[in-house]
Amino acid sequence: MNNYKENDIDPIETKEWLDSIQSVIKRDGLKRGKFLINRILKKYKNINILNKKIFSTDYINTISSEKEFLYPGNLKLEKKICFSVCWNAIMMVLRASKKNLNLGGHLSSFQSSAMIYEVCFNHFFHAQNDLNSGDIVYFQGHISPGIYSRAFLEGRLSENQINNFRQEVHGKGLPSYPHPKLMPDFWQFPTVSMGLGPICAIYQAKFLKYLKNRNLKNTDGQKVYAFLGDGEMDEPESKGAINIASREKLDNLIFIINCNLQRLDGPVNGNGKIINELECIFRGSGWETIKVIWGNKWDHLLKEDFTGKLVQLMNETLDGDYQTFRSKNGNYIRKNFFGRYPETLELVKNMTDEEIWKLNRGGHDFQKIYSALKKAQDIKNKPVVIFFHTIKGYGMGKNVEGKNIAHQTKEISLEDIKYIKDNFKLPIKDKQLKFLPYISFSKNSSEYKYMHSQRKRLGGYIPQRKIFFSEKLCIPSLNDFSSVLQENKKQISTTISFVRILYILLNNNKINKRIVPIIADEARTFGMEDLFRKIGIYNLYGQKYIPQDKEILSYYKEDKSGQILQEGINELGALSSWLAAATSYSTNDFPMIPFYIYYSMFGFQRVGDLCWAAGDQQARGFLIGATSGRTTLNGEGLQHEDGHSHIYSLTIPNCISYDPAYSYELAVIIQNGLERMYGSSQENIYYYITVTNENYDMPGLSDKSKEGICKGIYQLEKYSSNQSFSIQLLGSGAILNIVRKAAKILFENYNISSEIYSVTSFTELARNGQDCDRWNMLNPSKKSKLPYISLIMNNNPAIAVTDYMKLYAEQIRKYVPSVSYRVLGTDGYGRSDSRKNLRQYFEIDEYYIVIAALKELSKFGKIDVQLVLDAIKKFNINVDKINPRLV
């Protein structure tokens, strides 16, 4: 304002302009004044008359009351149903709280958004059925009681189930939040880890376009709805990919943001206006924005606002004040809101305090909600976000509604319960309230018939999840990978082996169209650039430019029907795309087989929350952790060298992880994974496989090793001497070759026999051992089960070496039948150097393995300890070196 006055060269002329506009507003209304201003801005927009583009609009509804759509439903019935749903949701949580089990539960988020959901259930959500693929809905995590409540009224959930809300261990209870793992035929997406819903919804919508543009499935008509909270929008994942949605023209995507202005503890932006802030961000990113701020009880006031002071007041009022107003009363609102200007106070002079109190927010008005959603359906070539202004804990009484404590409220007084019942006009007698009664509809009631007729018209019920896909896939046999199973005369890496396996799959006419290669801008690093021309990179726009490398065979080819999803430097986005493809068998009844290949360091460590959600969501597919290992990726240093991704992966119960050393191992693992996930059993698992960029000899497959490869261990080779004792050596990945070098030194220099084992998965061996342990404990009178590793190994001393933290190989210690078991690993931060130097530094090279083997043998009196001391000196081992974990 001060700068404006200083630069005003003619204040008198300025006043004349302002008076002129004010005169138009007084004579013809605010609408005419805004029209003239907008015409001026539009006329001169190309001469940079403004120093910045205006992205925020007035704090009023985008759709005026005159332009609202005719409501198609029975409002009276829908309100009765909605309030019954609200009531049952409250009763469900209160009943759980009365059990003194400290179960928790959330009420206020659903109460603030109940009407929005009800309009969607009655008029917008299309269900998946034989004729329609249906809409995809990401429900806000904290509103689960409301969804359970509606499903109960529909007859889809029993009273016993809702009586056991948050009690799943005994009986048929319900999970706290949306969890497909726990309710596999109900919930589709885990969303309560806030921020994951928005980004997953974006890439889900993109994947639907991908399916259509590759001519695999007609996804026209399908919408992806993401229900979010304004507090949830603080999460970087919530806003970090919204530009992708506009770039991809995702007109099949609708964000619905419940703006009750509160986070979990207090206001989202008490000193500002979160709806306007978000509107600027989304409009600036190319989204269509729709604001639903005020309900129908404000319409007459806005029409009578000839001075524009009411809109000005709405624009000026902070979110913190709006929250405070709702926690007070009508008289307080009259004095502290309308009383700020004489013109606005005049507008409500004939209204009672009760009428002022009942001035409703847009998110609590069926008509306003419907009009916004209807408008969103018709938007083309851009995504839509709708901001619904609501009240947290709406309808729950003065002790909860709009209060900072609303989110954590899970106990309500009898007085407030009575208030809720009266407010919702429910047919319950006061004397019944202490029993926390549910409402149910008889099958002959108009409410019951209406609910079911509306859902029948929309194709069925939501939420629902498909557990198995209908179509039978023809899975390649192991013989189809014969070229990879044979001994390779040329040294290659397991990364290149993976690329060759991928080519085999892409050349298989029975399954090739199902393959979804996903990368995050590292295809050339992984030697995958030849795929660019073969199958193309998916791009909605095709390739309008001439690529710089057009003259070479593997040029950067983008295509509308391209198969590769190249998500750029965006691991979270790439994994979201992978998750959409990995759950397509359920959401679309159209199984796809995704392979996401990435720097292993930037997988579980960076996006572990999404990896966990993938397990919950029952994803099926392959994660390929490339350039893996603490010492195998030489030269890259601390931030790139992965020695712990297998520790992360083992925390996810249905993630099957492997660290193969050779091409044939990789082929056996992938073929077995295809069979398990996409064959007749359709297991709800996904695979994490590490591959490396180190070139070495690749031996051929032996028939006797197939079972062991999948179970986690097999004997690769052995050295036999005339000694009566032996040592067992275990290795995985690229380090298996170092183990083999050590075995050769032990044999040639010390005449020591050894058995060398390739351990493709320490994690699978540990899980098998734990399963046997549990069975044996619970079946003490039966013959004990032996862990698989106990059947393969013997009782000679054993040394295990990996390129990962010691903990990775330590997890099998209990099940190793050896008299002793020593683990070498790469605890500590990575460093830049050669592989040879790094392995010496982390004490996993062949000489440290030899020292470890000699030490174990000396411990049991098989050799003299002097032999160990001589070897330490011979191999220049620095016994005073600081432990690399501590450096």
# chains A, B, ... in the order shown; residues from 1 in each chain; ligands from 1
$ select_by_dssp --residues "range 638-669 of chain A" --states "alpha helix (DSSP H)" --output "PyMOL selection string"
chain A and resi 645-650+663-669
$ closest_atom_pairs --of "range 87-138 of chain A" --to "range 252-270 of chain A" --cutoff "12 Å" --atoms "only C-alpha atoms" --output "JSON lines"
{"residue": "A:His106", "atom": "CA", "partner": "A:Leu264", "partner_atom": "CA", "distance": 10.5}
{"residue": "A:Ser108", "atom": "CA", "partner": "A:Asn260", "partner_atom": "CA", "distance": 9.8}
{"residue": "A:Ser109", "atom": "CA", "partner": "A:Asn260", "partner_atom": "CA", "distance": 8.3}
{"residue": "A:Phe110", "atom": "CA", "partner": "A:Asn258", "partner_atom": "CA", "distance": 9.7}
{"residue": "A:Gln111", "atom": "CA", "partner": "A:Asn260", "partner_atom": "CA", "distance": 10.4}
{"residue": "A:Ser112", "atom": "CA", "partner": "A:Asn260", "partner_atom": "CA", "distance": 6.9}
{"residue": "A:Ser113", "atom": "CA", "partner": "A:Asn258", "partner_atom": "CA", "distance": 6.5}
{"residue": "A:Ala114", "atom": "CA", "partner": "A:Asn258", "partner_atom": "CA", "distance": 10.2}
{"residue": "A:Met115", "atom": "CA", "partner": "A:Asn258", "partner_atom": "CA", "distance": 11.0}
{"residue": "A:Ile116", "atom": "CA", "partner": "A:Asn258", "partner_atom": "CA", "distance": 8.8}
{"residue": "A:Tyr117", "atom": "CA", "partner": "A:Ile256", "partner_atom": "CA", "distance": 10.1}
{"residue": "A:Cys120", "atom": "CA", "partner": "A:Ile256", "partner_atom": "CA", "distance": 10.9}
{"residue": "A:Phe124", "atom": "CA", "partner": "A:Ile254", "partner_atom": "CA", "distance": 11.7}
{"residue": "A:Phe125", "atom": "CA", "partner": "A:Ile254", "partner_atom": "CA", "distance": 12.0}
{"residue": "A:Gly134", "atom": "CA", "partner": "A:Asn252", "partner_atom": "CA", "distance": 11.9}
{"residue": "A:Asp135", "atom": "CA", "partner": "A:Asn252", "partner_atom": "CA", "distance": 9.4}
{"residue": "A:Ile136", "atom": "CA", "partner": "A:Leu253", "partner_atom": "CA", "distance": 9.5}
{"residue": "A:Val137", "atom": "CA", "partner": "A:Ile254", "partner_atom": "CA", "distance": 9.7}
{"residue": "A:Tyr138", "atom": "CA", "partner": "A:Phe255", "partner_atom": "CA", "distance": 9.5}
$ write_last_selection --atoms "all heavy atoms" --output "compact mmCIF listing (two decimals), in the first residue's frame"
# COMPACT_ATOMS: atom_id res chain seq x y z
N HIS A 106 -11.47 -42.07 15.32
CA HIS A 106 -11.65 -40.68 14.90
C HIS A 106 -13.06 -40.46 14.38
O HIS A 106 -13.58 -41.26 13.61
CB HIS A 106 -10.62 -40.32 13.83
CG HIS A 106 -9.21 -40.43 14.33
ND1 HIS A 106 -8.64 -39.49 15.15
CD2 HIS A 106 -8.26 -41.38 14.13
CE1 HIS A 106 -7.40 -39.86 15.44
NE2 HIS A 106 -7.15 -41.00 14.83
N SER A 108 -14.34 -36.78 13.90
CA SER A 108 -14.61 -35.43 13.40
C SER A 108 -14.36 -35.26 11.91
O SER A 108 -15.04 -34.49 11.25
CB SER A 108 -13.78 -34.42 14.18
OG SER A 108 -14.14 -34.45 15.54
N SER A 109 -13.38 -35.96 11.38
CA SER A 109 -13.08 -35.80 9.95
C SER A 109 -14.26 -36.26 9.10
O SER A 109 -14.64 -35.59 8.13
CB SER A 109 -11.83 -36.60 9.56
OG SER A 109 -10.68 -36.04 10.16
N PHE A 110 -14.84 -37.41 9.44
CA PHE A 110 -15.98 -37.87 8.64
C PHE A 110 -17.18 -36.96 8.82
O PHE A 110 -17.88 -36.65 7.85
CB PHE A 110 -16.38 -39.30 9.01
CG PHE A 110 -17.61 -39.75 8.26
CD1 PHE A 110 -17.55 -40.01 6.90
CD2 PHE A 110 -18.85 -39.84 8.89
CE1 PHE A 110 -18.68 -40.37 6.18
CE2 PHE A 110 -19.99 -40.20 8.19
CZ PHE A 110 -19.90 -40.47 6.82
N GLN A 111 -17.44 -36.52 10.04
CA GLN A 111 -18.61 -35.66 10.26
C GLN A 111 -18.52 -34.39 9.42
O GLN A 111 -19.53 -33.86 8.96
CB GLN A 111 -18.75 -35.30 11.74
CG GLN A 111 -18.89 -36.50 12.66
CD GLN A 111 -20.07 -37.41 12.33
OE1 GLN A 111 -21.15 -36.93 12.01
NE2 GLN A 111 -19.85 -38.72 12.38
N SER A 112 -17.30 -33.91 9.19
CA SER A 112 -17.15 -32.69 8.39
C SER A 112 -17.34 -32.95 6.90
O SER A 112 -17.66 -32.04 6.15
CB SER A 112 -15.77 -32.07 8.63
OG SER A 112 -14.73 -32.88 8.13
N SER A 113 -17.16 -34.20 6.48
CA SER A 113 -17.24 -34.49 5.04
C SER A 113 -18.36 -35.45 4.68
O SER A 113 -18.48 -35.88 3.53
CB SER A 113 -15.90 -35.09 4.57
OG SER A 113 -15.55 -36.23 5.32
N ALA A 114 -19.22 -35.77 5.63
CA ALA A 114 -20.25 -36.79 5.42
C ALA A 114 -21.16 -36.48 4.24
O ALA A 114 -21.50 -37.37 3.45
CB ALA A 114 -21.08 -36.94 6.70
N MET A 115 -21.58 -35.23 4.10
CA MET A 115 -22.50 -34.88 3.02
C MET A 115 -21.82 -35.00 1.66
O MET A 115 -22.44 -35.37 0.66
CB MET A 115 -23.04 -33.46 3.22
CG MET A 115 -23.95 -33.32 4.42
SD MET A 115 -24.65 -31.67 4.55
CE MET A 115 -25.47 -31.78 6.15
N ILE A 116 -20.53 -34.69 1.61
CA ILE A 116 -19.78 -34.82 0.36
C ILE A 116 -19.78 -36.27 -0.08
O ILE A 116 -20.06 -36.60 -1.25
CB ILE A 116 -18.33 -34.30 0.53
CG1 ILE A 116 -18.33 -32.86 1.03
CG2 ILE A 116 -17.56 -34.42 -0.79
CD1 ILE A 116 -16.96 -32.36 1.46
N TYR A 117 -19.47 -37.16 0.85
CA TYR A 117 -19.47 -38.59 0.53
C TYR A 117 -20.85 -39.07 0.12
O TYR A 117 -21.00 -39.86 -0.81
CB TYR A 117 -18.96 -39.41 1.72
CG TYR A 117 -17.46 -39.38 1.88
CD1 TYR A 117 -16.86 -38.64 2.89
CD2 TYR A 117 -16.63 -40.09 1.01
CE1 TYR A 117 -15.47 -38.61 3.04
CE2 TYR A 117 -15.26 -40.07 1.15
CZ TYR A 117 -14.68 -39.33 2.16
OH TYR A 117 -13.32 -39.30 2.29
N CYS A 120 -21.68 -38.24 -3.36
CA CYS A 120 -20.90 -39.10 -4.27
C CYS A 120 -21.47 -40.50 -4.33
O CYS A 120 -21.59 -41.09 -5.43
CB CYS A 120 -19.45 -39.15 -3.81
SG CYS A 120 -18.52 -37.62 -4.10
N PHE A 124 -22.46 -40.26 -8.02
CA PHE A 124 -21.23 -40.18 -8.82
C PHE A 124 -20.37 -41.44 -8.84
O PHE A 124 -19.81 -41.78 -9.88
CB PHE A 124 -20.39 -38.99 -8.36
CG PHE A 124 -21.02 -37.66 -8.66
CD1 PHE A 124 -21.71 -36.97 -7.68
CD2 PHE A 124 -20.98 -37.13 -9.94
CE1 PHE A 124 -22.31 -35.75 -7.95
CE2 PHE A 124 -21.58 -35.91 -10.24
CZ PHE A 124 -22.26 -35.23 -9.24
N PHE A 125 -20.23 -42.12 -7.74
CA PHE A 125 -19.32 -43.26 -7.70
C PHE A 125 -19.85 -44.43 -8.52
O PHE A 125 -20.80 -45.09 -8.13
CB PHE A 125 -19.12 -43.75 -6.26
CG PHE A 125 -18.31 -42.85 -5.38
CD1 PHE A 125 -18.40 -42.98 -3.99
CD2 PHE A 125 -17.45 -41.91 -5.90
CE1 PHE A 125 -17.65 -42.17 -3.15
CE2 PHE A 125 -16.70 -41.09 -5.08
CZ PHE A 125 -16.80 -41.22 -3.69
N GLY A 134 -15.51 -49.12 -13.64
CA GLY A 134 -15.80 -48.41 -12.40
C GLY A 134 -14.80 -47.31 -12.07
O GLY A 134 -13.70 -47.24 -12.61
N ASP A 135 -15.23 -46.45 -11.15
CA ASP A 135 -14.36 -45.38 -10.67
C ASP A 135 -13.41 -45.91 -9.62
O ASP A 135 -13.66 -46.94 -8.98
CB ASP A 135 -15.21 -44.25 -10.09
CG ASP A 135 -16.08 -43.56 -11.14
OD1 ASP A 135 -15.62 -43.47 -12.30
OD2 ASP A 135 -17.20 -43.14 -10.80
N ILE A 136 -12.33 -45.18 -9.43
CA ILE A 136 -11.31 -45.56 -8.44
C ILE A 136 -11.30 -44.48 -7.38
O ILE A 136 -11.10 -43.30 -7.68
CB ILE A 136 -9.94 -45.71 -9.12
CG1 ILE A 136 -9.99 -46.88 -10.12
CG2 ILE A 136 -8.85 -45.91 -8.10
CD1 ILE A 136 -8.74 -47.03 -10.97
N VAL A 137 -11.51 -44.88 -6.13
CA VAL A 137 -11.70 -43.92 -5.05
C VAL A 137 -10.65 -44.11 -3.96
O VAL A 137 -10.50 -45.21 -3.41
CB VAL A 137 -13.10 -44.03 -4.43
CG1 VAL A 137 -13.30 -42.94 -3.37
CG2 VAL A 137 -14.19 -43.93 -5.50
N TYR A 138 -9.91 -43.05 -3.69
CA TYR A 138 -8.98 -43.02 -2.57
C TYR A 138 -9.68 -42.30 -1.41
O TYR A 138 -9.75 -41.08 -1.37
CB TYR A 138 -7.69 -42.27 -2.94
CG TYR A 138 -6.81 -43.03 -3.92
CD1 TYR A 138 -7.11 -43.03 -5.28
CD2 TYR A 138 -5.70 -43.72 -3.48
CE1 TYR A 138 -6.30 -43.73 -6.18
CE2 TYR A 138 -4.89 -44.42 -4.37
CZ TYR A 138 -5.20 -44.41 -5.71
OH TYR A 138 -4.40 -45.10 -6.59
$ atom_distance --atom1 "CA of Pro699 in chain A" --atom2 "CA of Met528 in chain A"
22.9 Å
$ atom_distance --atom1 "CA of Leu211 in chain A" --atom2 "CA of Gln617 in chain A"
20.1 Å
$ closest_residue --among "A:Leu208, A:Leu250, A:Ile293, A:Val816" --to "Asn796 in chain A" --atoms "only C-alpha atoms"
A:Val816
$ closest_residue --among "A:Ser371, A:Ser834, A:Asn61, A:Asn737" --to "Glu636 in chain A" --atoms "only C-alpha atoms"
A:Ser834
$ residues_around --residues "Ala520 in chain A" --least-positions-apart "4" --cutoff "6 Å" --atoms "only C-alpha atoms" --output "list in words"
Gln566, Glu567, Gly568, Ile569 and Asn570 of chain A
$ write_last_selection --atoms "all heavy atoms" --output "PDB file, in the first residue's frame"
ATOM      1  N   GLN A 566       8.857 -43.721 -18.271  1.00  0.00           N
ATOM      2  CA  GLN A 566      10.067 -42.990 -17.896  1.00  0.00           C
ATOM      3  C   GLN A 566       9.617 -41.800 -17.041  1.00  0.00           C
ATOM      4  O   GLN A 566       9.117 -40.803 -17.540  1.00  0.00           O
ATOM      5  CB  GLN A 566      10.796 -42.533 -19.167  1.00  0.00           C
ATOM      6  CG  GLN A 566      11.793 -41.401 -19.027  1.00  0.00           C
ATOM      7  CD  GLN A 566      12.955 -41.692 -18.123  1.00  0.00           C
ATOM      8  OE1 GLN A 566      12.802 -41.689 -16.919  1.00  0.00           O
ATOM      9  NE2 GLN A 566      14.123 -41.914 -18.702  1.00  0.00           N
ATOM     10  N   GLU A 567       9.773 -41.930 -15.716  1.00  0.00           N
ATOM     11  CA  GLU A 567       9.190 -40.950 -14.801  1.00  0.00           C
ATOM     12  C   GLU A 567      10.148 -39.840 -14.398  1.00  0.00           C
ATOM     13  O   GLU A 567       9.834 -39.038 -13.515  1.00  0.00           O
ATOM     14  CB  GLU A 567       8.663 -41.658 -13.543  1.00  0.00           C
ATOM     15  CG  GLU A 567       7.592 -42.709 -13.816  1.00  0.00           C
ATOM     16  CD  GLU A 567       6.321 -42.148 -14.436  1.00  0.00           C
ATOM     17  OE1 GLU A 567       6.249 -40.926 -14.675  1.00  0.00           O
ATOM     18  OE2 GLU A 567       5.398 -42.930 -14.708  1.00  0.00           O
ATOM     19  N   GLY A 568      11.311 -39.775 -15.051  1.00  0.00           N
ATOM     20  CA  GLY A 568      12.244 -38.714 -14.714  1.00  0.00           C
ATOM     21  C   GLY A 568      12.900 -38.955 -13.364  1.00  0.00           C
ATOM     22  O   GLY A 568      12.811 -40.029 -12.786  1.00  0.00           O
ATOM     23  N   ILE A 569      13.553 -37.924 -12.851  1.00  0.00           N
ATOM     24  CA  ILE A 569      14.265 -38.050 -11.579  1.00  0.00           C
ATOM     25  C   ILE A 569      13.241 -37.926 -10.462  1.00  0.00           C
ATOM     26  O   ILE A 569      13.083 -36.888  -9.823  1.00  0.00           O
ATOM     27  CB  ILE A 569      15.380 -37.000 -11.467  1.00  0.00           C
ATOM     28  CG1 ILE A 569      16.299 -37.094 -12.700  1.00  0.00           C
ATOM     29  CG2 ILE A 569      16.192 -37.199 -10.192  1.00  0.00           C
ATOM     30  CD1 ILE A 569      17.327 -36.004 -12.780  1.00  0.00           C
ATOM     31  N   ASN A 570      12.525 -38.993 -10.245  1.00  0.00           N
ATOM     32  CA  ASN A 570      11.340 -38.949  -9.387  1.00  0.00           C
ATOM     33  C   ASN A 570      11.056 -40.366  -8.885  1.00  0.00           C
ATOM     34  O   ASN A 570      10.197 -41.058  -9.412  1.00  0.00           O
ATOM     35  CB  ASN A 570      10.159 -38.383 -10.194  1.00  0.00           C
ATOM     36  CG  ASN A 570       8.882 -38.308  -9.394  1.00  0.00           C
ATOM     37  OD1 ASN A 570       8.844 -38.630  -8.210  1.00  0.00           O
ATOM     38  ND2 ASN A 570       7.821 -37.889 -10.039  1.00  0.00           N
TER      39      ASN A 570
END
